[in-house]
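First the structure, in the form of structure tokens, and then the observations on it.
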Amino acid sequence: MPNHQIDPNNWVKSYSDYLFNYTITRVNDRDIAQDLISETFLAGLKSMANFKGEASERTWLISILKRKIIDYYRKINSNKGKAEVRMGYINNEDAEGDWLEERVADPFDKTAEDTLENTELGDAIYDCIDKLPEKQADVFKMKTILGYDTETICNELEITASNLWVIIHRARTSLADCMEENWF
């Protein structure tokens with residue numbers, strides 16, 4: 001028997017809080033996070049024989065959990081399960097290497113200054129949108145902010161798709177000029 005044994009009897013006590021905190025920031029739903037952690041523990045039990053001891057138990061469980069989270073997003077983002085989630089491995093000479101996903105800034109780690117700056121930026125963008133001609137503003141809001149598809153916008157505003165893209169281009173150019181003058 002290998003000398004790198006794991007003890008699943010202590011997983012819940014030792015790792016559940018850490019795994020939950022890791023998961024909740026990625027799925028933002030308590031029930032789904034708990035389900036993913038349960039699936040992780042079950043997968044860990046099923047693959048205990050594959051544990052080689054090259055990493056800690058926690059690291060091994062996190063790697064299983066990452067795959068469970070990816071599978072979850074693949075399932076919800078594609079009705080045929082064809083969504084692709086990419087995670088790149090960064091290996092530089094100064095560090096041991098890390099998954100790119102772990103290098104992304106924490107969206108919940110905002111200071112009051114960041115929040116104020118984001119609010120001011122949002123106000124500046126809306127001020128610039130208000131300066132656009134009415135049709136440009138409507139098309140820009142529908143496409144970019146509200147996320148309407150091209151066909152819906154064209155039908156609602158009685159314009160062609162090529163006209164829509166010309167209007168969007170003009171709106172974006174005007175907004176960029178306005179933001180250059182008023183924000184930067």
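To be explicit about the labels: the chains of the structure tokens are called A, B, and onward in the order shown, and within each one the residues are counted from 1, while ligands get numbers from 1 in the order they are shown.
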
Who sits within 12 Å of Leu157 of chain A, only C-alpha atoms, same chain under 3 positions skipped, as a PyMOL selection string | chain A and resi 134-136+138-139+142+150-154+160-161+163-164+167

All residues 8 Å or closer to segment 31-36 of chain A, only C-alpha atoms, same chain fewer than 5 positions away omitted, as an MDAnalysis selection string | chainID A and resid 20 23:24 65 68:69

Selected residues written out, C-alpha atoms, as a PDB file, in the first residue's frame:
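This went into out05.pdb:
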ATOM      1  CA  PHE A  20     -17.535  26.150  -0.399  1.00  0.00           C
ATOM      2  CA  THR A  23     -17.154  27.443  -5.282  1.00  0.00           C
ATOM      3  CA  ILE A  24     -19.586  30.162  -4.207  1.00  0.00           C
ATOM      4  CA  LEU A  65     -13.896  20.595  -7.971  1.00  0.00           C
ATOM      5  CA  LYS A  68     -17.018  19.851 -11.676  1.00  0.00           C
ATOM      6  CA  ILE A  69     -17.457  23.636 -12.027  1.00  0.00           C
TER       7      ILE A  69
END

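Here atom CA of Cys178 of chain A and atom CA of Lys131 of chain A stand 8.6 Å from one another.
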
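Between atom CA of Phe51 of chain A and atom CA of Gln5 of chain A the separation is 8.0 Å.
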
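Residues in contact range of Tyr126 of chain A, defined as at most 12 Å between only C-alpha atoms, with sequence neighbours fewer than 3 positions away removed, read Thr119, Glu120, Leu121, Gly122, Asp123, Ile129, Asp130, Lys131, Leu132, Ala137, Phe140, Lys141, Ile145, Leu175, Cys178, Met179, Asn182 and Trp183 of chain A.
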
According to DSSP computed on the backbone, where in segment 127-157 of chain A is there alpha helix (DSSP H)? Give the residues as a PDB file with C-alpha atoms, in the first residue's frame.
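Produced file states-v8.pdb, reproduced below:
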ATOM      1  CA  ASP A 127     -24.126  61.370 -20.145  1.00  0.00           C
ATOM      2  CA  CYS A 128     -22.434  60.657 -23.472  1.00  0.00           C
ATOM      3  CA  ILE A 129     -25.286  58.376 -24.565  1.00  0.00           C
ATOM      4  CA  ASP A 130     -27.720  61.221 -23.777  1.00  0.00           C
ATOM      5  CA  LYS A 131     -25.765  63.454 -26.204  1.00  0.00           C
ATOM      6  CA  GLU A 134     -32.145  59.720 -30.432  1.00  0.00           C
ATOM      7  CA  LYS A 135     -32.042  56.861 -32.946  1.00  0.00           C
ATOM      8  CA  GLN A 136     -28.328  56.204 -32.304  1.00  0.00           C
ATOM      9  CA  ALA A 137     -28.921  56.202 -28.552  1.00  0.00           C
ATOM     10  CA  ASP A 138     -31.876  53.820 -28.871  1.00  0.00           C
ATOM     11  CA  VAL A 139     -30.001  51.395 -31.124  1.00  0.00           C
ATOM     12  CA  PHE A 140     -26.877  51.504 -28.933  1.00  0.00           C
ATOM     13  CA  THR A 150     -30.177  42.240 -34.395  1.00  0.00           C
ATOM     14  CA  GLU A 151     -33.478  40.924 -35.766  1.00  0.00           C
ATOM     15  CA  THR A 152     -35.485  42.211 -32.794  1.00  0.00           C
ATOM     16  CA  ILE A 153     -33.971  45.687 -33.055  1.00  0.00           C
ATOM     17  CA  CYS A 154     -34.496  45.829 -36.820  1.00  0.00           C
ATOM     18  CA  ASN A 155     -38.135  44.783 -36.490  1.00  0.00           C
ATOM     19  CA  GLU A 156     -38.855  47.172 -33.641  1.00  0.00           C
ATOM     20  CA  LEU A 157     -37.186  50.204 -35.246  1.00  0.00           C
TER      21      LEU A 157
END

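You can rank A:Thr144, A:Ser16, A:Ser56, A:Asn77 by their closest distance to Thr40 of chain A using only C-alpha atoms, and at the top of that list sits A:Ser16.
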
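In this structure, atom CA of Lys75 of chain A sits 23.5 Å away from atom CA of Tyr148 of chain A.
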
Exercise: segment 9-13 of chain A partners within 10 Å, only C-alpha atoms, chain neighbours under 2 positions left out, as a list in words | Ile6, Asp7, Tyr15, Ser16, Asp17, Tyr18, Leu19, Ile37, Ser38, Phe41, Gly44, Glu57, Arg58 and Leu61 of chain A

Mind dumping the selected residues with N, CA and C atoms as a PDB file, in the first residue's frame?
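Dumped everything to selection_23.pdb:
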ATOM      1  N   ILE A   6      -4.998   8.931   1.931  1.00  0.00           N
ATOM      2  CA  ILE A   6      -5.910  10.043   2.205  1.00  0.00           C
ATOM      3  C   ILE A   6      -6.992   9.537   3.133  1.00  0.00           C
ATOM      4  N   ASP A   7      -7.596  10.484   3.852  1.00  0.00           N
ATOM      5  CA  ASP A   7      -8.597  10.103   4.839  1.00  0.00           C
ATOM      6  C   ASP A   7      -9.917  10.811   4.533  1.00  0.00           C
ATOM      7  N   TYR A  15     -12.151  20.330   4.842  1.00  0.00           N
ATOM      8  CA  TYR A  15     -12.099  21.044   3.568  1.00  0.00           C
ATOM      9  C   TYR A  15     -13.419  21.661   3.103  1.00  0.00           C
ATOM     10  N   SER A  16     -14.521  21.327   3.728  1.00  0.00           N
ATOM     11  CA  SER A  16     -15.812  21.795   3.192  1.00  0.00           C
ATOM     12  C   SER A  16     -15.922  23.316   3.160  1.00  0.00           C
ATOM     13  N   ASP A  17     -15.475  24.008   4.194  1.00  0.00           N
ATOM     14  CA  ASP A  17     -15.557  25.477   4.201  1.00  0.00           C
ATOM     15  C   ASP A  17     -14.707  26.085   3.091  1.00  0.00           C
ATOM     16  N   TYR A  18     -13.498  25.585   2.939  1.00  0.00           N
ATOM     17  CA  TYR A  18     -12.605  26.098   1.901  1.00  0.00           C
ATOM     18  C   TYR A  18     -13.208  25.842   0.516  1.00  0.00           C
ATOM     19  N   LEU A  19     -13.684  24.625   0.278  1.00  0.00           N
ATOM     20  CA  LEU A  19     -14.277  24.287  -1.013  1.00  0.00           C
ATOM     21  C   LEU A  19     -15.535  25.114  -1.270  1.00  0.00           C
ATOM     22  N   ILE A  37     -19.859  20.541  -4.437  1.00  0.00           N
ATOM     23  CA  ILE A  37     -18.941  20.027  -3.414  1.00  0.00           C
ATOM     24  C   ILE A  37     -19.265  18.571  -3.093  1.00  0.00           C
ATOM     25  N   SER A  38     -20.542  18.239  -2.997  1.00  0.00           N
ATOM     26  CA  SER A  38     -20.942  16.846  -2.761  1.00  0.00           C
ATOM     27  C   SER A  38     -20.464  15.950  -3.898  1.00  0.00           C
ATOM     28  N   PHE A  41     -16.708  15.394  -3.483  1.00  0.00           N
ATOM     29  CA  PHE A  41     -16.389  14.379  -2.482  1.00  0.00           C
ATOM     30  C   PHE A  41     -16.688  12.967  -3.015  1.00  0.00           C
ATOM     31  N   GLY A  44     -14.071  12.074  -5.459  1.00  0.00           N
ATOM     32  CA  GLY A  44     -12.849  11.779  -4.720  1.00  0.00           C
ATOM     33  C   GLY A  44     -12.864  10.382  -4.136  1.00  0.00           C
ATOM     34  N   GLU A  57      -4.076  16.721  -0.156  1.00  0.00           N
ATOM     35  CA  GLU A  57      -5.470  16.309  -0.333  1.00  0.00           C
ATOM     36  C   GLU A  57      -6.324  17.474  -0.810  1.00  0.00           C
ATOM     37  N   ARG A  58      -6.124  18.640  -0.186  1.00  0.00           N
ATOM     38  CA  ARG A  58      -6.920  19.820  -0.534  1.00  0.00           C
ATOM     39  C   ARG A  58      -6.707  20.207  -1.994  1.00  0.00           C
ATOM     40  N   LEU A  61      -8.489  17.713  -4.164  1.00  0.00           N
ATOM     41  CA  LEU A  61      -9.939  17.938  -4.161  1.00  0.00           C
ATOM     42  C   LEU A  61     -10.307  19.181  -4.973  1.00  0.00           C
TER      43      LEU A  61
END
